[in-house]
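Undergrad: Quick one: the structure is below, and I'll ask about it shortly.
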Amino acid sequence: MKSLALPFFAALLATIGYAFISPEAEKEVMLTCNVNACERIDSIYLYEFNGISFKKASAAPTTDWTTYRFKVPATSPRFYYVGLDAVNMKPIILGTEGSLTLNGSCAQFQGAQLPDSDLNKNYETVKNNLNAHKNEFSMMLQQLQAADRQGNVDLVNTIIMKMATLDKRRLSYLDSLKKASPYLGKVAAINTYVSYQIHGTSDMTELEYFATQYFKFVDWKDADYNYMPWVFEQMKSYAQTMSSVGFPEAVQKDFMDKLLAQIPTESRTYLLAMGGMINGMQAAKSPLLGVYAKRYVEKYQKTEPIAADQVAQLLKTSGSFVSGGEAPDFTMNDRDGKPVKLSDFRGKVMLVDFWASWCGPCRRENPHVVELYNHYHKKGFDVLGVSLDKTREPWLAAIEKDGLAWHHVSDLKGWSNDAARLYGVSSIPHTVLVDKDGKIIARNLRGEQLTAKLKEIFGE
């Protein structure tokens with residue numbers, strides 16, 4: 001198939017000879033910032049990103065409020081950020097071009113331009129193309145899921161053919177870019193994911209394919225990823241998806257540990273990857289956040305003390321979804337209108353069960369919970385059902401019909417249930433297992449996983 005990107009690559013190849021200057025030829029890089037609206041701003045800053053926070057790399061003072069100059073060592077391409085602070089700044093690639101000029105405004109650095117930097121201009125083009133590919137792929141996945149739900153086989157096959165065409169375009173784009181600009185080819189590599197429908201095999205599910213093939217084209221040992229923010233962004237996306245698709249915690253952890261094992265542990269790439277993973281888990285309210293946040297703090301508390309402190313603080317404020325964290329207390333009325341507090345049950349192992357009468361999977365799980373309740377209740381196991389119903393009558397009828405003999409509360413606010421919002425519940429059934437001291441043991445245990453955990457706690 002003829003690549004849609006060929007005109008771009010023809011232009012890029014024409015400039016590649018002088019877009020990159022070897023570090024041996026240039027010992028330092030000069031960045032001149034011509035900016036307006038900088039009255040009384042005597043310095044602007046160059047930052048580096050460590051996966052958690054932005055660190056000042058250098059400062060550029062001024063004498064005329066319009067011109068600021070930075071000098072950095074000549075290196076392989078490296079991302080920096082230039083601006084007034086960690087919010088108002090512009091990402092920029094430095095290291096290989098001897099001198100660059102940035103034109104913009106102190107009021108909004110994000111819109112600054114780099115007219116004489118071929119590398120940065122080409123990067124913007126590549127970024128836009130990659131984002132367009134991602135958006136097109138995402139739209140096709142949504143269309144495919146809708147067609148599959150409707151049972152429209154012809155439409156499913158048509159969409160899969162379109163996905164095959166998009167995959168070919170993406171792979172062609174990646175191959176061409178590697179030849180035109182090795183560095184930008186690596187940017188494309190970490191942003192290229194081809195479809196399971198075309199490239200998957202019968203020995204793995206679509207989720208397993210995603211877990212193992214999302215970074216298929218990345219060489220984690222390549223030092224050019226050490227300062228590339230896409231490591232953070234794509235690892236964040238990966239971790240957020242892995243935390244949201246229903247994998248058991250142990251399976252998630254196994255996939256994530258295997259991925260991290262591919263990255264040299266003392267590299268800066270590992271630092272960015274850990275930051276992205278923690279950020280993605282935080283966004284998805286993953287119970288595994290505690291595992292990786294603690295690992296981050298232990299590893300980087302000496303070399304990245306500010307970032308490690310921020311992650312440690314995150315652990316303190318994320319107790320509602322971190323295993324081992326304090327289960328946030330809440331009070332809600334029971335069926336008789338009497339207030340019930342979670343902390344009233346201290347001394348017991350509690351299953352906080354978020355459910356609703358209209359939730360089919362919840363109702364199908366109820367007989368199993370009844371069985372466990374009957375078996376372990378005398379040993380100190382109890383259940384607190386938190387209903388996301390909006391109407392009282394169906395809620396009470398479901399309790400009666402399913403024989404749910406434990407405690408039940410609801411504020412009849414549906415998805416706006418106060419306890420559900422406190423615990424970040426976005427789907428049901430959802431469970432939180434709490435120990436006798438009010439600490440979270442695990443979240444979202446159901447079926448055999450819940451049985452195994454209770455056997456571990458109470459024995460047979």
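Within each chain, counting starts at residue 1; across the structure tokens, chains are named A, B, ... in the order shown, with ligands numbered 1 upward in that order.
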Segment 289-420 of chain A: which residues are alpha helix (DSSP H) by DSSP, as JSON, numbers by chain?
TA: {"A": [289, 290, 291, 292, 293, 294, 295, 296, 297, 298, 299, 300, 305, 306, 307, 308, 309, 310, 311, 312, 313, 314, 315, 316, 317, 360, 361, 362, 363, 364, 365, 366, 367, 368, 369, 370, 371, 372, 373, 374, 375, 376, 392, 393, 394, 395, 396, 397, 398, 399, 400, 401, 402, 418, 419, 420]}
Undergrad: Using C-alpha atoms, can you write the selected residues to a file as an mmCIF file, in the first residue's frame?
TA:
data_model
loop_
_atom_site.group_PDB
_atom_site.id
_atom_site.type_symbol
_atom_site.label_atom_id
_atom_site.label_comp_id
_atom_site.auth_asym_id
_atom_site.auth_seq_id
_atom_site.Cartn_x
_atom_site.Cartn_y
_atom_site.Cartn_z
ATOM 1 C CA LEU A 289 -0.607 1.210 43.510
ATOM 2 C CA GLY A 290 0.787 0.518 46.969
ATOM 3 C CA VAL A 291 3.120 -2.195 45.677
ATOM 4 C CA TYR A 292 4.743 -0.030 43.008
ATOM 5 C CA ALA A 293 4.654 3.215 44.969
ATOM 6 C CA LYS A 294 6.547 1.549 47.834
ATOM 7 C CA ARG A 295 9.009 0.103 45.330
ATOM 8 C CA TYR A 296 9.533 3.581 43.870
ATOM 9 C CA VAL A 297 10.134 5.173 47.273
ATOM 10 C CA GLU A 298 12.625 2.491 48.300
ATOM 11 C CA LYS A 299 14.545 2.736 45.038
ATOM 12 C CA TYR A 300 14.653 6.508 44.568
ATOM 13 C CA PRO A 305 14.167 12.591 47.194
ATOM 14 C CA ILE A 306 11.529 15.154 46.164
ATOM 15 C CA ALA A 307 9.779 12.737 43.794
ATOM 16 C CA ALA A 308 10.018 9.905 46.326
ATOM 17 C CA ASP A 309 8.448 12.146 48.965
ATOM 18 C CA GLN A 310 5.589 12.978 46.596
ATOM 19 C CA VAL A 311 4.952 9.281 45.971
ATOM 20 C CA ALA A 312 5.073 8.559 49.703
ATOM 21 C CA GLN A 313 2.491 11.286 50.241
ATOM 22 C CA LEU A 314 0.345 9.759 47.506
ATOM 23 C CA LEU A 315 0.338 6.500 49.438
ATOM 24 C CA LYS A 316 -1.000 8.282 52.518
ATOM 25 C CA THR A 317 -3.894 9.852 50.617
ATOM 26 C CA GLY A 360 -27.177 -9.155 36.898
ATOM 27 C CA PRO A 361 -23.571 -10.129 37.713
ATOM 28 C CA CYS A 362 -24.132 -8.996 41.315
ATOM 29 C CA ARG A 363 -27.204 -11.170 41.698
ATOM 30 C CA ARG A 364 -25.408 -14.149 40.160
ATOM 31 C CA GLU A 365 -22.560 -13.721 42.640
ATOM 32 C CA ASN A 366 -24.876 -13.470 45.669
ATOM 33 C CA PRO A 367 -25.370 -17.253 46.221
ATOM 34 C CA HIS A 368 -21.603 -17.680 46.477
ATOM 35 C CA VAL A 369 -21.319 -14.869 49.047
ATOM 36 C CA VAL A 370 -24.223 -16.406 50.996
ATOM 37 C CA GLU A 371 -22.340 -19.705 51.100
ATOM 38 C CA LEU A 372 -19.165 -18.038 52.364
ATOM 39 C CA TYR A 373 -21.087 -15.970 54.893
ATOM 40 C CA ASN A 374 -22.765 -19.067 56.318
ATOM 41 C CA HIS A 375 -19.461 -20.927 56.488
ATOM 42 C CA TYR A 376 -17.251 -18.252 58.048
ATOM 43 C CA ARG A 392 -36.156 1.348 47.978
ATOM 44 C CA GLU A 393 -38.628 -1.392 46.986
ATOM 45 C CA PRO A 394 -36.454 -3.278 44.412
ATOM 46 C CA TRP A 395 -33.504 -3.087 46.811
ATOM 47 C CA LEU A 396 -35.425 -4.675 49.679
ATOM 48 C CA ALA A 397 -37.057 -7.244 47.391
ATOM 49 C CA ALA A 398 -33.659 -8.377 46.079
ATOM 50 C CA ILE A 399 -32.319 -8.772 49.630
ATOM 51 C CA GLU A 400 -35.298 -10.934 50.525
ATOM 52 C CA LYS A 401 -35.275 -13.004 47.337
ATOM 53 C CA ASP A 402 -31.519 -13.707 47.404
ATOM 54 C CA ASP A 418 -21.491 8.482 48.825
ATOM 55 C CA ALA A 419 -19.615 5.348 49.884
ATOM 56 C CA ALA A 420 -19.133 4.237 46.283
#
Undergrad: When you look at Gln197 of chain A with a cut-off of 10 Å (counting only C-alpha atoms), what residues show up, excluding the ones that are within fewer than 3 positions of it in the same chain? I need them as a PyMOL selection string.
TA: chain A and resi 141+160-161+163-164+194+200-201+206
Undergrad: Among segment 61-171 of chain A, which ones does DSSP place in strand (DSSP E), written as a PDB file with N, CA and C atoms, in the first residue's frame?
TA:
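Full text of out.pdb as output:
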ATOM      1  N   PRO A  61      19.071  34.031  32.880  1.00  0.00           N
ATOM      2  CA  PRO A  61      18.709  35.404  33.276  1.00  0.00           C
ATOM      3  C   PRO A  61      18.609  36.311  32.059  1.00  0.00           C
ATOM      4  N   THR A  67      15.133  38.621  25.941  1.00  0.00           N
ATOM      5  CA  THR A  67      16.059  37.606  25.451  1.00  0.00           C
ATOM      6  C   THR A  67      16.654  36.813  26.610  1.00  0.00           C
ATOM      7  N   TYR A  68      16.540  35.482  26.496  1.00  0.00           N
ATOM      8  CA  TYR A  68      17.067  34.576  27.526  1.00  0.00           C
ATOM      9  C   TYR A  68      17.837  33.478  26.801  1.00  0.00           C
ATOM     10  N   ARG A  69      19.033  33.129  27.309  1.00  0.00           N
ATOM     11  CA  ARG A  69      19.852  32.132  26.610  1.00  0.00           C
ATOM     12  C   ARG A  69      20.260  30.998  27.543  1.00  0.00           C
ATOM     13  N   PHE A  70      20.111  29.769  27.006  1.00  0.00           N
ATOM     14  CA  PHE A  70      20.555  28.573  27.712  1.00  0.00           C
ATOM     15  C   PHE A  70      21.688  27.924  26.931  1.00  0.00           C
ATOM     16  N   LYS A  71      22.609  27.312  27.653  1.00  0.00           N
ATOM     17  CA  LYS A  71      23.611  26.439  27.049  1.00  0.00           C
ATOM     18  C   LYS A  71      23.500  25.074  27.715  1.00  0.00           C
ATOM     19  N   VAL A  72      23.390  24.034  26.873  1.00  0.00           N
ATOM     20  CA  VAL A  72      23.355  22.666  27.398  1.00  0.00           C
ATOM     21  C   VAL A  72      24.394  21.849  26.653  1.00  0.00           C
ATOM     22  N   PRO A  73      24.864  20.771  27.252  1.00  0.00           N
ATOM     23  CA  PRO A  73      25.859  19.939  26.562  1.00  0.00           C
ATOM     24  C   PRO A  73      25.278  19.320  25.293  1.00  0.00           C
ATOM     25  N   ARG A  78      17.441  14.890  23.352  1.00  0.00           N
ATOM     26  CA  ARG A  78      16.940  14.782  24.719  1.00  0.00           C
ATOM     27  C   ARG A  78      15.822  15.794  24.930  1.00  0.00           C
ATOM     28  N   PHE A  79      14.737  15.352  25.548  1.00  0.00           N
ATOM     29  CA  PHE A  79      13.631  16.254  25.845  1.00  0.00           C
ATOM     30  C   PHE A  79      13.938  17.113  27.065  1.00  0.00           C
ATOM     31  N   TYR A  80      13.686  18.407  26.914  1.00  0.00           N
ATOM     32  CA  TYR A  80      13.677  19.344  28.026  1.00  0.00           C
ATOM     33  C   TYR A  80      12.335  20.092  27.975  1.00  0.00           C
ATOM     34  N   TYR A  81      12.145  20.978  28.951  1.00  0.00           N
ATOM     35  CA  TYR A  81      10.964  21.841  28.995  1.00  0.00           C
ATOM     36  C   TYR A  81      11.444  23.234  29.368  1.00  0.00           C
ATOM     37  N   VAL A  82      11.006  24.238  28.602  1.00  0.00           N
ATOM     38  CA  VAL A  82      11.430  25.601  28.876  1.00  0.00           C
ATOM     39  C   VAL A  82      10.218  26.435  29.263  1.00  0.00           C
ATOM     40  N   GLY A  83      10.363  27.258  30.309  1.00  0.00           N
ATOM     41  CA  GLY A  83       9.242  28.084  30.733  1.00  0.00           C
ATOM     42  C   GLY A  83       9.462  28.748  32.068  1.00  0.00           C
ATOM     43  N   MET A  89       5.069  25.912  30.340  1.00  0.00           N
ATOM     44  CA  MET A  89       6.329  25.570  29.699  1.00  0.00           C
ATOM     45  C   MET A  89       6.101  24.860  28.372  1.00  0.00           C
ATOM     46  N   LYS A  90       7.169  24.775  27.598  1.00  0.00           N
ATOM     47  CA  LYS A  90       7.133  24.209  26.253  1.00  0.00           C
ATOM     48  C   LYS A  90       8.098  23.031  26.167  1.00  0.00           C
ATOM     49  N   PRO A  91       7.637  21.831  25.750  1.00  0.00           N
ATOM     50  CA  PRO A  91       8.581  20.728  25.536  1.00  0.00           C
ATOM     51  C   PRO A  91       9.453  21.008  24.324  1.00  0.00           C
ATOM     52  N   ILE A  92      10.708  20.631  24.436  1.00  0.00           N
ATOM     53  CA  ILE A  92      11.659  20.924  23.366  1.00  0.00           C
ATOM     54  C   ILE A  92      12.731  19.848  23.349  1.00  0.00           C
ATOM     55  N   ILE A  93      13.179  19.471  22.145  1.00  0.00           N
ATOM     56  CA  ILE A  93      14.236  18.473  22.010  1.00  0.00           C
ATOM     57  C   ILE A  93      15.545  19.203  21.739  1.00  0.00           C
ATOM     58  N   LEU A  94      16.527  18.988  22.604  1.00  0.00           N
ATOM     59  CA  LEU A  94      17.840  19.610  22.458  1.00  0.00           C
ATOM     60  C   LEU A  94      18.918  18.535  22.431  1.00  0.00           C
ATOM     61  N   SER A  99      22.533  25.406  17.465  1.00  0.00           N
ATOM     62  CA  SER A  99      21.860  26.595  17.994  1.00  0.00           C
ATOM     63  C   SER A  99      20.402  26.579  17.554  1.00  0.00           C
ATOM     64  N   LEU A 100      19.545  27.034  18.456  1.00  0.00           N
ATOM     65  CA  LEU A 100      18.120  27.082  18.191  1.00  0.00           C
ATOM     66  C   LEU A 100      17.564  28.384  18.728  1.00  0.00           C
ATOM     67  N   THR A 101      16.461  28.812  18.111  1.00  0.00           N
ATOM     68  CA  THR A 101      15.770  30.003  18.572  1.00  0.00           C
ATOM     69  C   THR A 101      14.319  29.658  18.888  1.00  0.00           C
ATOM     70  N   LEU A 102      13.872  30.092  20.031  1.00  0.00           N
ATOM     71  CA  LEU A 102      12.481  29.915  20.430  1.00  0.00           C
ATOM     72  C   LEU A 102      11.822  31.287  20.470  1.00  0.00           C
ATOM     73  N   ASN A 103      10.699  31.435  19.795  1.00  0.00           N
ATOM     74  CA  ASN A 103       9.946  32.690  19.781  1.00  0.00           C
ATOM     75  C   ASN A 103       8.584  32.466  20.425  1.00  0.00           C
ATOM     76  N   GLY A 104       8.255  33.300  21.394  1.00  0.00           N
ATOM     77  CA  GLY A 104       6.966  33.113  22.040  1.00  0.00           C
ATOM     78  C   GLY A 104       6.668  34.189  23.053  1.00  0.00           C
ATOM     79  N   SER A 105       5.828  33.830  24.007  1.00  0.00           N
ATOM     80  CA  SER A 105       5.373  34.776  25.019  1.00  0.00           C
ATOM     81  C   SER A 105       5.490  34.147  26.394  1.00  0.00           C
ATOM     82  N   GLN A 108       2.323  32.521  27.693  1.00  0.00           N
ATOM     83  CA  GLN A 108       1.885  31.185  27.259  1.00  0.00           C
ATOM     84  C   GLN A 108       3.013  30.507  26.492  1.00  0.00           C
ATOM     85  N   PHE A 109       3.887  29.842  27.221  1.00  0.00           N
ATOM     86  CA  PHE A 109       5.022  29.180  26.590  1.00  0.00           C
ATOM     87  C   PHE A 109       4.605  28.009  25.702  1.00  0.00           C
ATOM     88  N   GLN A 110       3.450  27.400  25.990  1.00  0.00           N
ATOM     89  CA  GLN A 110       3.049  26.230  25.214  1.00  0.00           C
ATOM     90  C   GLN A 110       2.949  26.526  23.725  1.00  0.00           C
ATOM     91  N   GLY A 111       2.640  27.769  23.374  1.00  0.00           N
ATOM     92  CA  GLY A 111       2.481  28.121  21.971  1.00  0.00           C
ATOM     93  C   GLY A 111       3.739  28.613  21.301  1.00  0.00           C
ATOM     94  N   ALA A 112       4.873  28.567  21.983  1.00  0.00           N
ATOM     95  CA  ALA A 112       6.131  29.063  21.405  1.00  0.00           C
ATOM     96  C   ALA A 112       6.538  28.243  20.187  1.00  0.00           C
ATOM     97  N   GLN A 113       7.259  28.874  19.261  1.00  0.00           N
ATOM     98  CA  GLN A 113       7.684  28.241  18.021  1.00  0.00           C
ATOM     99  C   GLN A 113       9.201  28.142  17.953  1.00  0.00           C
TER     100      GLN A 113
END
Undergrad: Just how far from atom CA of Ile441 of chain A is atom CA of Gly459 of chain A, in Å to one decimal?
TA: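 Calculated distance between atom CA of Gly459 of chain A and atom CA of Ile441 of chain A is 16.2 Å.
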Undergrad: Using Å and a single decimal, report how far atom CA of Ala107 of chain A sits from atom CA of Gly275 of chain A.
TA: 28.9 Å
Undergrad: Out of A:Ala405, A:Ala284, A:Leu207, A:Ala239, which residue has the shortest atom-to-atom distance to Ser426 of chain A when counting only C-alpha atoms?
TA: A:Ala284
Undergrad: Report as a VMD selection string all protein, DNA and RNA residues lying within 9 Å of Val187 of chain A, evaluated on only C-alpha atoms, omitting residues in the same chain fewer than 4 positions from it.
TA: chain A and resid 123 126 to 127 182 to 183 191 to 192 225 228 230
Undergrad: Convert the current residue selection to file output with N, CA and C atoms, as a PDB file, in the first residue's frame.
TA:
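The result, written out as part-v4.pdb:
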ATOM      1  N   TYR A 123       9.275  16.686  14.707  1.00  0.00           N
ATOM      2  CA  TYR A 123       8.641  16.002  15.825  1.00  0.00           C
ATOM      3  C   TYR A 123       7.162  16.372  15.938  1.00  0.00           C
ATOM      4  N   VAL A 126       5.299  14.449  13.347  1.00  0.00           N
ATOM      5  CA  VAL A 126       5.213  13.034  13.724  1.00  0.00           C
ATOM      6  C   VAL A 126       4.181  12.841  14.838  1.00  0.00           C
ATOM      7  N   LYS A 127       4.232  13.697  15.844  1.00  0.00           N
ATOM      8  CA  LYS A 127       3.290  13.584  16.965  1.00  0.00           C
ATOM      9  C   LYS A 127       1.852  13.689  16.474  1.00  0.00           C
ATOM     10  N   PRO A 182      16.252   8.213  12.952  1.00  0.00           N
ATOM     11  CA  PRO A 182      16.243   7.150  13.956  1.00  0.00           C
ATOM     12  C   PRO A 182      15.600   7.555  15.277  1.00  0.00           C
ATOM     13  N   TYR A 183      15.839   8.780  15.730  1.00  0.00           N
ATOM     14  CA  TYR A 183      15.274   9.204  17.005  1.00  0.00           C
ATOM     15  C   TYR A 183      13.749   9.291  16.926  1.00  0.00           C
ATOM     16  N   ASN A 191       4.796   4.419  20.273  1.00  0.00           N
ATOM     17  CA  ASN A 191       3.415   4.835  20.049  1.00  0.00           C
ATOM     18  C   ASN A 191       2.692   3.956  19.031  1.00  0.00           C
ATOM     19  N   THR A 192       3.291   2.842  18.641  1.00  0.00           N
ATOM     20  CA  THR A 192       2.690   1.979  17.625  1.00  0.00           C
ATOM     21  C   THR A 192       2.214   0.679  18.248  1.00  0.00           C
ATOM     22  N   TYR A 225      15.674   6.368  25.059  1.00  0.00           N
ATOM     23  CA  TYR A 225      14.425   6.432  25.833  1.00  0.00           C
ATOM     24  C   TYR A 225      14.619   7.029  27.226  1.00  0.00           C
ATOM     25  N   MET A 228      12.925  10.441  27.235  1.00  0.00           N
ATOM     26  CA  MET A 228      11.774  10.584  26.352  1.00  0.00           C
ATOM     27  C   MET A 228      10.474  10.496  27.173  1.00  0.00           C
ATOM     28  N   TRP A 230       7.562  10.083  26.369  1.00  0.00           N
ATOM     29  CA  TRP A 230       6.610   9.085  25.885  1.00  0.00           C
ATOM     30  C   TRP A 230       6.708   7.788  26.666  1.00  0.00           C
TER      31      TRP A 230
END
Undergrad: Restricting the calculation to only C-alpha atoms, which member of A:Thr62, A:Asn88, A:Ser53, A:Ser181 is positioned closest to Asn279 of chain A?
TA: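 Of A:Thr62, A:Asn88, A:Ser53, A:Ser181, the one nearest Asn279 of chain A is A:Ser53, counting only C-alpha atoms.
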Undergrad: Give me, please, the distance in Å between atom CA of Pro429 of chain A and atom CA of Trp355 of chain A, quoted to one decimal.
TA: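 Going from atom CA of Pro429 of chain A over to atom CA of Trp355 of chain A, I get 5.2 Å.
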Undergrad: For Ala59 of chain A, find every residue with an atom within 7 Å (counting only C-alpha atoms), except residues of its own chain fewer than 2 positions away, and show them as an mmCIF file with N, CA and C atoms, in the first residue's frame.
TA:
data_model
loop_
_atom_site.group_PDB
_atom_site.id
_atom_site.type_symbol
_atom_site.label_atom_id
_atom_site.label_comp_id
_atom_site.auth_asym_id
_atom_site.auth_seq_id
_atom_site.Cartn_x
_atom_site.Cartn_y
_atom_site.Cartn_z
ATOM 1 N N SER A 43 14.294 35.688 35.054
ATOM 2 C CA SER A 43 14.850 34.417 34.594
ATOM 3 C C SER A 43 13.734 33.485 34.128
ATOM 4 N N ILE A 44 14.053 32.683 33.136
ATOM 5 C CA ILE A 44 13.192 31.551 32.796
ATOM 6 C C ILE A 44 14.035 30.289 32.974
ATOM 7 N N TYR A 45 13.385 29.123 32.936
ATOM 8 C CA TYR A 45 14.068 27.907 33.371
ATOM 9 C C TYR A 45 13.948 26.788 32.352
ATOM 10 N N LEU A 46 14.942 25.918 32.396
ATOM 11 C CA LEU A 46 14.945 24.693 31.622
ATOM 12 C C LEU A 46 14.746 23.542 32.608
ATOM 13 N N PRO A 61 19.071 34.031 32.880
ATOM 14 C CA PRO A 61 18.709 35.404 33.276
ATOM 15 C C PRO A 61 18.609 36.311 32.059
#
Undergrad: What's around Ala283 of chain A at 10 Å? Count only C-alpha atoms, leave out sequence neighbours fewer than 3 positions away in its own chain, and write the answer as a ChimeraX atom specification.
TA: /A:236-237,239-241,243-244,277-280,286,289
Undergrad: Output C-alpha atoms of each residue in that selection to a file, as a tab-separated table (two decimals), in the first residue's frame.
TA:
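See again22.tsv below for the written result:
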chain	number	residue	atom	x	y	z
A	236	LYS	CA	0.65	5.37	32.18
A	237	SER	CA	-1.79	4.32	29.44
A	239	ALA	CA	-1.05	0.57	33.53
A	240	GLN	CA	-4.39	2.37	33.51
A	241	THR	CA	-5.79	-0.09	30.96
A	243	SER	CA	-5.97	-1.91	35.99
A	244	SER	CA	-9.38	-1.41	34.37
A	277	MET	CA	2.97	3.08	35.95
A	278	ILE	CA	2.21	4.74	39.29
A	279	ASN	CA	0.31	7.55	37.58
A	280	GLY	CA	-1.79	5.08	35.55
A	286	SER	CA	-5.67	0.21	41.31
A	289	LEU	CA	-0.61	1.21	43.51
Undergrad: If we count only C-alpha atoms and set the cut-off at 10 Å, which residues sit around Asp167 of chain A, ignoring sequence neighbours fewer than 2 positions away in its own chain? Please answer as a list in words.
TA: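 Surrounding residues, per the criterion: His133, Phe137, Met161, Lys162, Met163, Ala164, Thr165, Arg169, Arg170, Leu171, Ser172, Tyr173, Thr192, Tyr193, Val194, Ser195, Ile198 and His199 of chain A.
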Undergrad: Of the candidates A:Glu249, A:Asp224, A:Asp437, A:Glu233, which shows the shortest atom-to-atom distance to Gln449 of chain A, using only C-alpha atoms?
TA: A:Glu249
Undergrad: Would you mind listing what lies within 8 Å of Leu177 of chain A as a ChimeraX atom specification, with only C-alpha atoms counted and same-chain residues fewer than 5 positions away left out?
TA: /A:9,182,184-185,188
